[in-house]
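Everything below concerns the one structure shown next.
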Amino acid sequence: MNTMSQRYPSFHHLLRPLVWLLVPGLVAAVVAITASASADLGLVTIGGEGASDISGYLATNIHYDLDEGNPGLIHVVSLNLIGANGRTRPTTVSITLGAGQPASTCWATDGDKWTCPVSFPVAEASALRVVAAG
């Protein structure tokens with residue numbers, strides 16, 4: 001035996017049980033923190049996106065026109081938007097016709113009617129998403 005091992009005993013035999021205790025403890029802590037964060041209702045008030053009934057505006061009379069020169073493209077989308085109370089009107093409106101697509105700004109044309117100029121392939125139109133504020 002050398003002098004080093006005589007003076008300083010080896011702690012390697014304690015390392016394995018220590019790892020077996022620390023790893024499950026860390027996993028339990030991560031799971032607890034993640035569960036706590038996902039159950040935090042305070043995050044809901046920050047904002048976000050969802051798919052369900054929304055009490056803000058009612059969209060009706062949704063129509064689209066195809067481009068005369070290229071009927072494979074949607075040229076314009078028009079719709080009526082009115083508040084759930086029947087009186088409120090939005091001041092800004094935009095739409096998208098597919099996931100990940102940039103929004104197209106709409107223009108108020110007559111009362112609660114909005115016209116949204118787009119140039120979007122019919123084959124790629126998968127959903128109409130309306131964002132109205134006011």
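Just so we're on the same page: first chain in the structure tokens is A, next is B, and so on; residues restart at 1 for each chain, and ligands are numbered from 1 in the order they show up.
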**Residue contacts of Val118 in chain A (10 Å, only C-alpha atoms) excluding same-chain residues fewer than 6 positions away, as a ChimeraX atom specification** = /A:64-67,73-77,95-97,103-106
**Request:** State, in Å with one decimal place, the distance from CA of Ser126 in chain A to CA of Leu81 in chain A.
**Result:** 20.9 Å
**Request:** Might you pull out every residue within 7 Å of Ala133 in chain A, with only C-alpha atoms counted and same-chain residues fewer than 5 positions away left off, and present them as JSON, numbers by chain?
**Result:** {"A": [90, 91, 92, 93]}
